[in-house]
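Everything below concerns the one structure shown next.
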Amino acid sequence: MKLSVLKETNEYETRVATTPDNVRLLIKLGFDVYVEIDAGLKSGYSNKDYENSGANIADRKTCLQSKEVCLVVQLPPLEDIREISSKTILLGILDPYKNKRYFDELKKQNITAITMELIPRISRAQGMDVLTSQANLAGYRSVIDAAENLNKAFPMMMTAAGRINPAKVMVIGVGVAGLQAIATAKRLGAVVSATDVRIATREQVESLGAKFIMVDNEESQNAETSGGYAKEMSEEYKKKQSQLIAETISKQDIVICTALIPGKPAPVLISEEMINTMAPGSIVVDLAVEAGGNCPLSKLGQIVIHNSVKIIGHANVPGRVAKDASALYAKNIVNFLSLFIKKDEKKIDIDWNDEIIDAVVLTHNGVLKLEEFT
Ligand code: NAD
């Protein structure tokens with residue numbers, strides 16, 4: 001069984017789909033591994049590191065053709081998809097909501113496209129959950145980015161020259177990224193508050209030692225889907241939530257926004273008027289910027305300064321800790337592949353009745369399998 005790893009081409013992508021440690025695990029699973037020249041450089045892994053772990057370093061053409069499995073972080077460009085051999089299993093964070101224009105080519109090329117961000121959040125699949133492994137690091141990095149841009153210290157300090165008050169951080173949206181942002185800000189010594197529409201998050205926020213605030217009404221009791229995600233809230237709820245955020249935000253040094261609704265634009269939660277109430281030098285980090293942003297002023301890949309408030313909209317925040325993000329993503333993939341490799345026979349044997357497979361296979365045998373994307 002041959003497996004190849006492509007070098008990423010997207011301008012913001014610094015991660016790589018496997019790391020030298022994970023090459024060893026892939027070889028144990030029975031694969032001959034081909035890594036494209038310089039694929040790992042931006043994440044801190046050299047060609048030599050891959051060779052030492054048993055991989056072959058190859059050019060792009062070799063990696064695209066004649067392989068059973070091809071690993072990527074993001075969907076490669078159309079001209080590459082046209083070169084991928086028929087029946088290849090292409091595995092990555094393929095972002096089917098945004099990449100519908102690629103489906104015809106994937107079908108035409110008879111590629112089995114597997115989109116890792118749709119791994120169901122069930123306990124058996126925790127080790128394959130790329131959304132969690134990447135969002136956790138994004139939450140961490142958002143606080144580091146905020147600290148780097150803030151003009152004051154995080155912890156309280158008692159000094160001979162007087163007391164420094166701790167930084168005040170508010171986290172909006174308490175999923176995986178939000179919880180790690182809270183934990184990181186607390187570790188740095190900030191006073192942290194957080195809000196979400198899902199009532200279940202109260203306990204999680206409080207267990208990290210942060211203050212929980214929310215609009216708690218009948219609607220918030222049912223704001224969670226069966227998959228654990230947030231629902232889109234009513235206009236009335238949004239109005240009340242907006243008042244609550246407006247009251248709190250003016251006292252914050254840093255606001256970290258992480259609120260997302262799967263498959264929909266991110267909810268707009270911080271208005272220009274709210275930003276105008278913040279002190280000069282305050283920071284907003286909009287982790288939702290790739291889904292449109294929780295703040296309409298944020299711009300993808302930029303730090304916008306509005307009324308002396310910095311609004312940080314870095315693209316691909318997990319890629320800002322690419323070494324660790326790649327390592328966790330690569331392990332997620334190894335765990336996923338382990339599901340259907342028959343090691344002794346060195347054979348790929350997909351169980352089409354497995355609910356995990358059912359959730360992630362986008363195209364197979366020239367057919368689009370996930371109807372929600374038709
Ligand atoms: P996400 O990235 O979809 O959203 C981030 C957060 O934003 C969520 O907490 C959401 O409730 C919140 N949000 C959405 N709209 C909002 C609004 N208008 N105002 C304030 N907050 C808003 O979430 P996620 O990090 O992917 O986590 C989603 C769920 O999956 C959670 O329940 C989490 O506990 C669960 N989860 C389960 C597993 C597992 O069982 N394997 C693993 C990871 C996460």
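So you can find residues: chains in the structure tokens are A, B, ... in the order shown, residues in each start at 1, and ligands are numbered from 1 in order.
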
Contact table chain A vs ligand 1, cut-off 7 Å, shortest pair per residue, only C-alpha atoms and all ligand atoms, as JSON lines:
```
{"residue": "A:Arg121", "atom": "CA", "partner": "ligand 1", "partner_atom_place_in_ligand_line": "41 (N)", "distance": 4.0}
{"residue": "A:Ile122", "atom": "CA", "partner": "ligand 1", "partner_atom_place_in_ligand_line": "41 (N)", "distance": 5.0}
{"residue": "A:Ser123", "atom": "CA", "partner": "ligand 1", "partner_atom_place_in_ligand_line": "41 (N)", "distance": 5.3}
{"residue": "A:Ala125", "atom": "CA", "partner": "ligand 1", "partner_atom_place_in_ligand_line": "41 (N)", "distance": 6.6}
{"residue": "A:Gln126", "atom": "CA", "partner": "ligand 1", "partner_atom_place_in_ligand_line": "41 (N)", "distance": 4.6}
{"residue": "A:Asp129", "atom": "CA", "partner": "ligand 1", "partner_atom_place_in_ligand_line": "41 (N)", "distance": 6.8}
{"residue": "A:Leu131", "atom": "CA", "partner": "ligand 1", "partner_atom_place_in_ligand_line": "26 (O)", "distance": 6.3}
{"residue": "A:Thr132", "atom": "CA", "partner": "ligand 1", "partner_atom_place_in_ligand_line": "43 (C)", "distance": 5.1}
{"residue": "A:Ala135", "atom": "CA", "partner": "ligand 1", "partner_atom_place_in_ligand_line": "25 (O)", "distance": 6.7}
{"residue": "A:Ile172", "atom": "CA", "partner": "ligand 1", "partner_atom_place_in_ligand_line": "20 (C)", "distance": 5.6}
{"residue": "A:Gly173", "atom": "CA", "partner": "ligand 1", "partner_atom_place_in_ligand_line": "7 (O)", "distance": 3.6}
{"residue": "A:Val174", "atom": "CA", "partner": "ligand 1", "partner_atom_place_in_ligand_line": "9 (O)", "distance": 4.1}
{"residue": "A:Gly175", "atom": "CA", "partner": "ligand 1", "partner_atom_place_in_ligand_line": "25 (O)", "distance": 3.3}
{"residue": "A:Val176", "atom": "CA", "partner": "ligand 1", "partner_atom_place_in_ligand_line": "25 (O)", "distance": 3.7}
{"residue": "A:Ala177", "atom": "CA", "partner": "ligand 1", "partner_atom_place_in_ligand_line": "25 (O)", "distance": 5.7}
{"residue": "A:Gly178", "atom": "CA", "partner": "ligand 1", "partner_atom_place_in_ligand_line": "6 (C)", "distance": 6.9}
{"residue": "A:Thr195", "atom": "CA", "partner": "ligand 1", "partner_atom_place_in_ligand_line": "20 (C)", "distance": 6.0}
{"residue": "A:Asp196", "atom": "CA", "partner": "ligand 1", "partner_atom_place_in_ligand_line": "21 (N)", "distance": 3.7}
{"residue": "A:Val197", "atom": "CA", "partner": "ligand 1", "partner_atom_place_in_ligand_line": "20 (C)", "distance": 4.8}
{"residue": "A:Arg198", "atom": "CA", "partner": "ligand 1", "partner_atom_place_in_ligand_line": "11 (O)", "distance": 5.2}
{"residue": "A:Gly227", "atom": "CA", "partner": "ligand 1", "partner_atom_place_in_ligand_line": "30 (O)", "distance": 6.7}
{"residue": "A:Gly228", "atom": "CA", "partner": "ligand 1", "partner_atom_place_in_ligand_line": "32 (O)", "distance": 3.9}
{"residue": "A:Tyr229", "atom": "CA", "partner": "ligand 1", "partner_atom_place_in_ligand_line": "28 (C)", "distance": 4.5}
{"residue": "A:Ala230", "atom": "CA", "partner": "ligand 1", "partner_atom_place_in_ligand_line": "11 (O)", "distance": 4.2}
{"residue": "A:Lys231", "atom": "CA", "partner": "ligand 1", "partner_atom_place_in_ligand_line": "15 (N)", "distance": 6.7}
{"residue": "A:Glu232", "atom": "CA", "partner": "ligand 1", "partner_atom_place_in_ligand_line": "15 (N)", "distance": 6.6}
{"residue": "A:Met233", "atom": "CA", "partner": "ligand 1", "partner_atom_place_in_ligand_line": "18 (N)", "distance": 6.5}
{"residue": "A:Thr258", "atom": "CA", "partner": "ligand 1", "partner_atom_place_in_ligand_line": "5 (C)", "distance": 5.4}
{"residue": "A:Ala259", "atom": "CA", "partner": "ligand 1", "partner_atom_place_in_ligand_line": "7 (O)", "distance": 3.3}
{"residue": "A:Leu260", "atom": "CA", "partner": "ligand 1", "partner_atom_place_in_ligand_line": "4 (O)", "distance": 4.1}
{"residue": "A:Ile261", "atom": "CA", "partner": "ligand 1", "partner_atom_place_in_ligand_line": "3 (O)", "distance": 5.2}
{"residue": "A:Pro262", "atom": "CA", "partner": "ligand 1", "partner_atom_place_in_ligand_line": "3 (O)", "distance": 5.6}
{"residue": "A:Pro267", "atom": "CA", "partner": "ligand 1", "partner_atom_place_in_ligand_line": "18 (N)", "distance": 5.4}
{"residue": "A:Leu269", "atom": "CA", "partner": "ligand 1", "partner_atom_place_in_ligand_line": "18 (N)", "distance": 6.8}
```

According to DSSP computed on the backbone, where in range 88-311 of chain A is there helix (DSSP H, G or I)? Give the residues as a ChimeraX atom specification. /A:100-108,116-118,123-128,130-149,176-187,201-207,218-221,235-249,272-276,289-291

CA of Lys107 in chain A and CA of Ile350 in chain A are how many Å apart?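 Going from CA of Lys107 in chain A over to CA of Ile350 in chain A, I get 18.4 Å.
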
Among the residues of range 48-91 of chain A, find those DSSP assigns to strand (DSSP E or B) from the backbone and print them as a VMD selection string. chain A and resid 56 to 58 69 to 71 89 to 91

Take the residues that were just selected and, keeping N, CA, C and O atoms, output them as a PDB file, in the first residue's frame.
```
ATOM      1  N   ASN A  56      10.061   8.046   1.828  1.00  0.00           N
ATOM      2  CA  ASN A  56      10.765   8.395   0.592  1.00  0.00           C
ATOM      3  C   ASN A  56      10.417   9.844   0.274  1.00  0.00           C
ATOM      4  O   ASN A  56       9.252  10.242   0.368  1.00  0.00           O
ATOM      5  N   ILE A  57      11.419  10.636  -0.089  1.00  0.00           N
ATOM      6  CA  ILE A  57      11.139  12.018  -0.511  1.00  0.00           C
ATOM      7  C   ILE A  57      10.931  11.986  -2.030  1.00  0.00           C
ATOM      8  O   ILE A  57      11.759  11.419  -2.760  1.00  0.00           O
ATOM      9  N   ALA A  58       9.824  12.564  -2.477  1.00  0.00           N
ATOM     10  CA  ALA A  58       9.490  12.442  -3.907  1.00  0.00           C
ATOM     11  C   ALA A  58       8.991  13.774  -4.455  1.00  0.00           C
ATOM     12  O   ALA A  58       8.629  14.674  -3.683  1.00  0.00           O
ATOM     13  N   VAL A  69      -3.366   6.015  -1.058  1.00  0.00           N
ATOM     14  CA  VAL A  69      -3.851   7.070  -0.158  1.00  0.00           C
ATOM     15  C   VAL A  69      -3.014   8.323  -0.365  1.00  0.00           C
ATOM     16  O   VAL A  69      -1.788   8.250  -0.486  1.00  0.00           O
ATOM     17  N   CYS A  70      -3.676   9.475  -0.426  1.00  0.00           N
ATOM     18  CA  CYS A  70      -2.962  10.748  -0.563  1.00  0.00           C
ATOM     19  C   CYS A  70      -3.416  11.660   0.584  1.00  0.00           C
ATOM     20  O   CYS A  70      -4.619  11.909   0.747  1.00  0.00           O
ATOM     21  N   LEU A  71      -2.467  12.122   1.387  1.00  0.00           N
ATOM     22  CA  LEU A  71      -2.816  12.953   2.552  1.00  0.00           C
ATOM     23  C   LEU A  71      -2.546  14.425   2.261  1.00  0.00           C
ATOM     24  O   LEU A  71      -1.490  14.783   1.743  1.00  0.00           O
ATOM     25  N   ILE A  89      -7.614   7.314  -2.317  1.00  0.00           N
ATOM     26  CA  ILE A  89      -8.327   7.869  -1.161  1.00  0.00           C
ATOM     27  C   ILE A  89      -7.621   9.176  -0.802  1.00  0.00           C
ATOM     28  O   ILE A  89      -6.450   9.177  -0.423  1.00  0.00           O
ATOM     29  N   LEU A  90      -8.328  10.288  -0.974  1.00  0.00           N
ATOM     30  CA  LEU A  90      -7.756  11.608  -0.683  1.00  0.00           C
ATOM     31  C   LEU A  90      -8.309  12.070   0.669  1.00  0.00           C
ATOM     32  O   LEU A  90      -9.515  12.226   0.836  1.00  0.00           O
ATOM     33  N   LEU A  91      -7.397  12.283   1.618  1.00  0.00           N
ATOM     34  CA  LEU A  91      -7.832  12.570   2.986  1.00  0.00           C
ATOM     35  C   LEU A  91      -7.371  13.952   3.426  1.00  0.00           C
ATOM     36  O   LEU A  91      -6.178  14.265   3.328  1.00  0.00           O
TER      37      LEU A  91
END
```

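Near Lys87 in chain A, within 12 Å and counting only C-alpha atoms, sit Leu64, Gln65, Ser66, Lys67, Glu68, Val69, Cys70, Ile81, Leu106, Lys107, Lys108, Gln109, Asn110, Ile111, Thr112, Ala113, Ile348, Thr363, His364, Asn365 and Gly366 of chain A; same-chain residues fewer than 5 positions away were not included.
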
Would you save the residues from that selection as a compact mmCIF listing (two decimals), in the first residue's frame, using all heavy atoms?
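Below you can see part-v8.txt, which holds the result:
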```
# COMPACT_ATOMS: atom_id res chain seq x y z
N LEU A 64 1.29 12.55 -6.58
CA LEU A 64 -0.10 12.63 -7.03
C LEU A 64 -0.57 11.32 -7.68
O LEU A 64 -1.75 11.00 -7.68
CB LEU A 64 -0.27 13.77 -8.04
CG LEU A 64 -0.23 15.19 -7.47
CD1 LEU A 64 -0.11 16.22 -8.59
CD2 LEU A 64 -1.47 15.48 -6.63
N GLN A 65 0.40 10.58 -8.24
CA GLN A 65 0.00 9.42 -9.06
C GLN A 65 0.32 8.08 -8.40
O GLN A 65 1.25 7.97 -7.61
CB GLN A 65 0.70 9.51 -10.42
CG GLN A 65 0.18 10.70 -11.20
CD GLN A 65 0.95 10.97 -12.46
OE1 GLN A 65 1.97 10.36 -12.71
NE2 GLN A 65 0.44 11.88 -13.26
N SER A 66 -0.46 7.12 -8.77
CA SER A 66 -0.22 5.72 -8.38
C SER A 66 -0.10 5.50 -6.88
O SER A 66 0.78 4.80 -6.41
CB SER A 66 1.07 5.19 -9.01
OG SER A 66 1.12 5.51 -10.35
N LYS A 67 -0.93 6.13 -6.11
CA LYS A 67 -0.89 5.91 -4.66
C LYS A 67 -2.30 5.48 -4.21
O LYS A 67 -3.29 5.95 -4.74
CB LYS A 67 -0.52 7.20 -3.92
CG LYS A 67 0.81 7.80 -4.36
CD LYS A 67 2.00 6.98 -3.87
CE LYS A 67 3.30 7.50 -4.40
NZ LYS A 67 3.52 7.29 -5.83
N GLU A 68 -2.34 4.62 -3.20
CA GLU A 68 -3.65 4.23 -2.67
C GLU A 68 -4.25 5.36 -1.82
O GLU A 68 -5.44 5.60 -1.84
CB GLU A 68 -3.53 2.97 -1.81
CG GLU A 68 -3.60 1.67 -2.56
CD GLU A 68 -2.27 1.28 -3.20
OE1 GLU A 68 -1.21 1.71 -2.68
OE2 GLU A 68 -2.29 0.57 -4.21
N VAL A 69 -3.37 6.02 -1.06
CA VAL A 69 -3.85 7.07 -0.16
C VAL A 69 -3.01 8.32 -0.36
O VAL A 69 -1.79 8.25 -0.49
CB VAL A 69 -3.74 6.62 1.33
CG1 VAL A 69 -4.22 7.72 2.27
CG2 VAL A 69 -4.52 5.34 1.58
N CYS A 70 -3.68 9.47 -0.43
CA CYS A 70 -2.96 10.75 -0.56
C CYS A 70 -3.42 11.66 0.58
O CYS A 70 -4.62 11.91 0.75
CB CYS A 70 -3.30 11.36 -1.92
SG CYS A 70 -2.52 12.93 -2.20
N ILE A 81 -5.84 17.87 -8.73
CA ILE A 81 -6.89 16.84 -8.60
C ILE A 81 -7.00 16.06 -9.91
O ILE A 81 -7.16 14.85 -9.91
CB ILE A 81 -8.24 17.49 -8.20
CG1 ILE A 81 -8.11 18.08 -6.79
CG2 ILE A 81 -9.38 16.47 -8.24
CD1 ILE A 81 -9.32 18.82 -6.30
N LEU A 106 -13.63 15.73 -8.48
CA LEU A 106 -13.40 14.58 -7.59
C LEU A 106 -14.19 13.36 -8.06
O LEU A 106 -13.69 12.23 -8.06
CB LEU A 106 -13.79 14.93 -6.14
CG LEU A 106 -12.92 15.97 -5.43
CD1 LEU A 106 -13.60 16.45 -4.14
CD2 LEU A 106 -11.53 15.41 -5.11
N LYS A 107 -15.43 13.63 -8.50
CA LYS A 107 -16.28 12.52 -9.00
C LYS A 107 -15.70 11.97 -10.30
O LYS A 107 -15.57 10.77 -10.48
CB LYS A 107 -17.71 13.02 -9.24
CG LYS A 107 -18.49 13.27 -7.95
CD LYS A 107 -19.96 13.48 -8.20
CE LYS A 107 -20.25 14.81 -8.83
NZ LYS A 107 -21.65 15.11 -9.04
N LYS A 108 -15.36 12.90 -11.22
CA LYS A 108 -14.85 12.51 -12.53
C LYS A 108 -13.58 11.66 -12.40
O LYS A 108 -13.37 10.69 -13.11
CB LYS A 108 -14.55 13.77 -13.34
CG LYS A 108 -14.63 13.57 -14.83
CD LYS A 108 -14.71 14.91 -15.53
CE LYS A 108 -13.54 15.07 -16.48
NZ LYS A 108 -13.26 16.44 -16.82
N GLN A 109 -12.74 12.04 -11.45
CA GLN A 109 -11.47 11.33 -11.26
C GLN A 109 -11.65 10.05 -10.45
O GLN A 109 -10.68 9.37 -10.14
CB GLN A 109 -10.47 12.24 -10.51
CG GLN A 109 -9.96 13.41 -11.31
CD GLN A 109 -9.10 12.96 -12.47
OE1 GLN A 109 -9.53 13.03 -13.61
NE2 GLN A 109 -7.91 12.46 -12.19
N ASN A 110 -12.90 9.82 -10.01
CA ASN A 110 -13.19 8.60 -9.24
C ASN A 110 -12.39 8.55 -7.94
O ASN A 110 -11.87 7.51 -7.54
CB ASN A 110 -12.84 7.39 -10.11
CG ASN A 110 -13.75 6.23 -9.82
OD1 ASN A 110 -14.55 6.31 -8.88
ND2 ASN A 110 -13.64 5.17 -10.59
N ILE A 111 -12.27 9.71 -7.30
CA ILE A 111 -11.49 9.80 -6.06
C ILE A 111 -12.41 9.56 -4.86
O ILE A 111 -13.55 10.05 -4.84
CB ILE A 111 -10.83 11.21 -5.96
CG1 ILE A 111 -9.75 11.33 -7.04
CG2 ILE A 111 -10.26 11.46 -4.57
CD1 ILE A 111 -9.21 12.73 -7.22
N THR A 112 -11.91 8.80 -3.89
CA THR A 112 -12.64 8.66 -2.63
C THR A 112 -12.16 9.80 -1.73
O THR A 112 -11.08 9.72 -1.14
CB THR A 112 -12.39 7.29 -1.98
OG1 THR A 112 -12.83 6.27 -2.88
CG2 THR A 112 -13.12 7.14 -0.65
N ALA A 113 -12.94 10.87 -1.68
CA ALA A 113 -12.53 12.06 -0.92
C ALA A 113 -13.10 11.97 0.49
O ALA A 113 -14.31 11.81 0.67
CB ALA A 113 -13.04 13.32 -1.62
N ILE A 348 -6.43 -2.31 2.27
CA ILE A 348 -7.41 -1.33 2.76
C ILE A 348 -8.79 -1.96 2.59
O ILE A 348 -9.14 -2.39 1.50
CB ILE A 348 -7.32 -0.03 1.94
CG1 ILE A 348 -5.96 0.63 2.16
CG2 ILE A 348 -8.44 0.93 2.31
CD1 ILE A 348 -5.68 1.80 1.24
N THR A 363 -16.96 11.87 -1.67
CA THR A 363 -17.21 11.27 -3.00
C THR A 363 -16.58 9.88 -3.03
O THR A 363 -15.55 9.63 -2.40
CB THR A 363 -16.56 12.10 -4.13
OG1 THR A 363 -15.15 12.23 -3.87
CG2 THR A 363 -17.18 13.48 -4.25
N HIS A 364 -17.24 8.98 -3.77
CA HIS A 364 -16.71 7.62 -3.93
C HIS A 364 -17.34 7.03 -5.18
O HIS A 364 -18.53 7.22 -5.42
CB HIS A 364 -17.08 6.78 -2.69
CG HIS A 364 -16.65 5.35 -2.79
ND1 HIS A 364 -15.32 4.98 -2.84
CD2 HIS A 364 -17.37 4.19 -2.89
CE1 HIS A 364 -15.24 3.66 -2.94
NE2 HIS A 364 -16.47 3.16 -2.98
N ASN A 365 -16.53 6.33 -5.99
CA ASN A 365 -17.05 5.69 -7.22
C ASN A 365 -17.81 6.65 -8.11
O ASN A 365 -18.85 6.31 -8.67
CB ASN A 365 -17.99 4.54 -6.85
CG ASN A 365 -17.24 3.23 -6.82
OD1 ASN A 365 -16.10 3.16 -7.27
ND2 ASN A 365 -17.87 2.20 -6.26
N GLY A 366 -17.34 7.89 -8.17
CA GLY A 366 -17.98 8.87 -9.05
C GLY A 366 -19.29 9.44 -8.53
O GLY A 366 -20.05 10.09 -9.26
```

From the set A:Lys240, A:Lys343, A:Lys331, A:Arg187, which residue has the shortest atom-to-atom contact distance to Val16 in chain A, counting only C-alpha atoms?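 Under the stated criterion, the closest residue is A:Lys331.
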
Could you tell me how far CA of Ala55 in chain A lies from CA of Val33 in chain A, in Å and to one decimal?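 Answer for the CA of Ala55 in chain A to CA of Val33 in chain A separation: 5.0 Å.
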
Looking at only C-alpha atoms, which of A:Lys264, A:Lys7, A:Lys369, A:Lys346 is the one that sits closest to Ile27 in chain A?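 Among the listed residues, the smallest separation from Ile27 in chain A belongs to A:Lys346.
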
Using only C-alpha atoms, which protein or nucleic acid residues come within 12 Å of Val192 in chain A? Drop anything in the same chain fewer than 2 positions from it, and give the result as an mmCIF file with C-alpha atoms, in the first residue's frame.
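Contents of part_5.cif, freshly written:
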```
data_model
loop_
_atom_site.group_PDB
_atom_site.id
_atom_site.type_symbol
_atom_site.label_atom_id
_atom_site.label_comp_id
_atom_site.auth_asym_id
_atom_site.auth_seq_id
_atom_site.Cartn_x
_atom_site.Cartn_y
_atom_site.Cartn_z
ATOM 1 C CA VAL A 143 -4.411 34.412 23.763
ATOM 2 C CA PHE A 154 -1.495 39.853 32.096
ATOM 3 C CA PRO A 155 -0.897 38.995 35.776
ATOM 4 C CA PRO A 166 -4.501 41.930 36.002
ATOM 5 C CA ALA A 167 -5.676 42.010 32.386
ATOM 6 C CA LYS A 168 -9.400 41.437 31.876
ATOM 7 C CA VAL A 169 -10.250 38.889 29.197
ATOM 8 C CA MET A 170 -13.693 37.983 27.885
ATOM 9 C CA VAL A 171 -14.203 34.845 25.787
ATOM 10 C CA ILE A 172 -17.268 34.694 23.545
ATOM 11 C CA GLY A 178 -12.952 29.009 23.884
ATOM 12 C CA LEU A 179 -12.207 26.623 26.752
ATOM 13 C CA ALA A 181 -8.479 30.332 25.537
ATOM 14 C CA ILE A 182 -9.938 30.588 29.055
ATOM 15 C CA ALA A 183 -7.393 28.121 30.446
ATOM 16 C CA THR A 184 -4.472 29.911 28.747
ATOM 17 C CA ALA A 185 -5.582 33.390 29.850
ATOM 18 C CA LYS A 186 -6.030 32.113 33.429
ATOM 19 C CA ARG A 187 -2.557 30.550 33.391
ATOM 20 C CA LEU A 188 -1.118 33.915 32.337
ATOM 21 C CA GLY A 189 -2.883 35.527 35.285
ATOM 22 C CA ALA A 190 -5.841 37.327 33.664
ATOM 23 C CA ALA A 194 -16.990 33.974 29.227
ATOM 24 C CA THR A 195 -20.343 33.615 27.512
ATOM 25 C CA VAL A 205 -16.382 27.803 32.388
ATOM 26 C CA GLU A 206 -16.737 27.852 36.166
ATOM 27 C CA LEU A 208 -11.742 26.693 34.906
ATOM 28 C CA GLY A 209 -12.143 29.494 37.457
ATOM 29 C CA ALA A 210 -13.718 32.007 35.060
ATOM 30 C CA LYS A 211 -16.944 33.972 35.519
ATOM 31 C CA PHE A 212 -19.863 32.844 33.358
ATOM 32 C CA ILE A 213 -22.359 35.347 31.979
ATOM 33 C CA THR A 248 -19.434 43.871 29.592
ATOM 34 C CA LYS A 251 -14.457 46.976 30.751
ATOM 35 C CA GLN A 252 -12.330 44.388 28.913
ATOM 36 C CA ASP A 253 -8.697 44.612 27.798
ATOM 37 C CA ILE A 254 -9.105 41.612 25.508
ATOM 38 C CA VAL A 255 -12.068 39.935 23.843
ATOM 39 C CA ILE A 256 -11.558 36.537 22.197
#
```

Between CA of Ser271 in chain A and CA of Met214 in chain A, measure the distance and give it in Å to one decimal.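 Computing the Euclidean distance for CA of Ser271 in chain A and CA of Met214 in chain A yields 17.7 Å.
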
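If only C-alpha atoms are the atoms counted, then among A:Asn294, A:Asp21, A:Ile333, A:Tyr34 the closest residue to Ser4 in chain A is A:Tyr34.
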
Which residues are close to Asn52 in chain A, i.e. within 10 Å by only C-alpha atoms, leaving aside same-chain residues fewer than 2 positions away? Reply as a list in words. Pro20, Asp21, Val23, Arg24, Ser46, Asn47, Lys48, Asp49, Tyr50, Gly54, Ala55 and Asn56 of chain A

At a cut-off of 8 Å, using only C-alpha atoms, what residues contact Thr277 in chain A? Leave out same-chain residues fewer than 2 positions from it and give the result as a ChimeraX atom specification. /A:249-250,273-275,279

Output file for the residues above (all heavy atoms, as a PDB file, in the first residue's frame):
```
ATOM      1  N   ILE A 249     -18.320  44.536  27.560  1.00  0.00           N
ATOM      2  CA  ILE A 249     -17.145  44.670  26.693  1.00  0.00           C
ATOM      3  C   ILE A 249     -16.306  45.919  26.994  1.00  0.00           C
ATOM      4  O   ILE A 249     -15.088  45.907  26.886  1.00  0.00           O
ATOM      5  CB  ILE A 249     -17.592  44.635  25.207  1.00  0.00           C
ATOM      6  CG1 ILE A 249     -16.458  44.146  24.325  1.00  0.00           C
ATOM      7  CG2 ILE A 249     -18.125  45.945  24.728  1.00  0.00           C
ATOM      8  CD1 ILE A 249     -16.894  43.798  22.918  1.00  0.00           C
ATOM      9  N   SER A 250     -16.973  46.987  27.426  1.00  0.00           N
ATOM     10  CA  SER A 250     -16.242  48.249  27.620  1.00  0.00           C
ATOM     11  C   SER A 250     -15.209  48.133  28.741  1.00  0.00           C
ATOM     12  O   SER A 250     -14.266  48.904  28.809  1.00  0.00           O
ATOM     13  CB  SER A 250     -17.226  49.379  27.920  1.00  0.00           C
ATOM     14  OG  SER A 250     -17.946  49.045  29.078  1.00  0.00           O
ATOM     15  N   GLU A 273     -20.228  49.918  17.320  1.00  0.00           N
ATOM     16  CA  GLU A 273     -20.547  50.755  18.495  1.00  0.00           C
ATOM     17  C   GLU A 273     -19.919  50.161  19.754  1.00  0.00           C
ATOM     18  O   GLU A 273     -19.430  50.877  20.619  1.00  0.00           O
ATOM     19  CB  GLU A 273     -22.072  50.871  18.712  1.00  0.00           C
ATOM     20  CG  GLU A 273     -22.836  51.632  17.637  1.00  0.00           C
ATOM     21  CD  GLU A 273     -22.975  50.833  16.350  1.00  0.00           C
ATOM     22  OE1 GLU A 273     -23.374  49.668  16.421  1.00  0.00           O
ATOM     23  OE2 GLU A 273     -22.642  51.379  15.271  1.00  0.00           O
ATOM     24  N   MET A 274     -19.962  48.849  19.861  1.00  0.00           N
ATOM     25  CA  MET A 274     -19.364  48.198  21.051  1.00  0.00           C
ATOM     26  C   MET A 274     -17.856  48.422  21.061  1.00  0.00           C
ATOM     27  O   MET A 274     -17.274  48.710  22.111  1.00  0.00           O
ATOM     28  CB  MET A 274     -19.654  46.695  21.050  1.00  0.00           C
ATOM     29  CG  MET A 274     -21.105  46.341  21.274  1.00  0.00           C
ATOM     30  SD  MET A 274     -21.237  44.544  21.330  1.00  0.00           S
ATOM     31  CE  MET A 274     -22.965  44.306  21.024  1.00  0.00           C
ATOM     32  N   ILE A 275     -17.220  48.267  19.899  1.00  0.00           N
ATOM     33  CA  ILE A 275     -15.759  48.477  19.819  1.00  0.00           C
ATOM     34  C   ILE A 275     -15.438  49.911  20.270  1.00  0.00           C
ATOM     35  O   ILE A 275     -14.444  50.146  20.974  1.00  0.00           O
ATOM     36  CB  ILE A 275     -15.249  48.257  18.367  1.00  0.00           C
ATOM     37  CG1 ILE A 275     -15.529  46.834  17.912  1.00  0.00           C
ATOM     38  CG2 ILE A 275     -13.765  48.646  18.241  1.00  0.00           C
ATOM     39  CD1 ILE A 275     -14.498  45.793  18.206  1.00  0.00           C
ATOM     40  N   ALA A 279     -11.452  50.718  25.664  1.00  0.00           N
ATOM     41  CA  ALA A 279     -10.350  51.661  25.904  1.00  0.00           C
ATOM     42  C   ALA A 279      -9.321  51.560  24.778  1.00  0.00           C
ATOM     43  O   ALA A 279      -9.145  50.476  24.201  1.00  0.00           O
ATOM     44  CB  ALA A 279      -9.692  51.335  27.245  1.00  0.00           C
TER      45      ALA A 279
END
```

Within 10 Å of Asp358 in chain A, counting only C-alpha atoms, which residues show up once you throw out same-chain ones fewer than 4 positions away? Write them as a PyMOL selection string, please. chain A and resi 118-120+351-354+362+369-370

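Residue nearest Thr14 in chain A, chosen from A:Ser86, A:Ser53, A:Gln74, A:Ser226 and counting only C-alpha atoms: A:Gln74.
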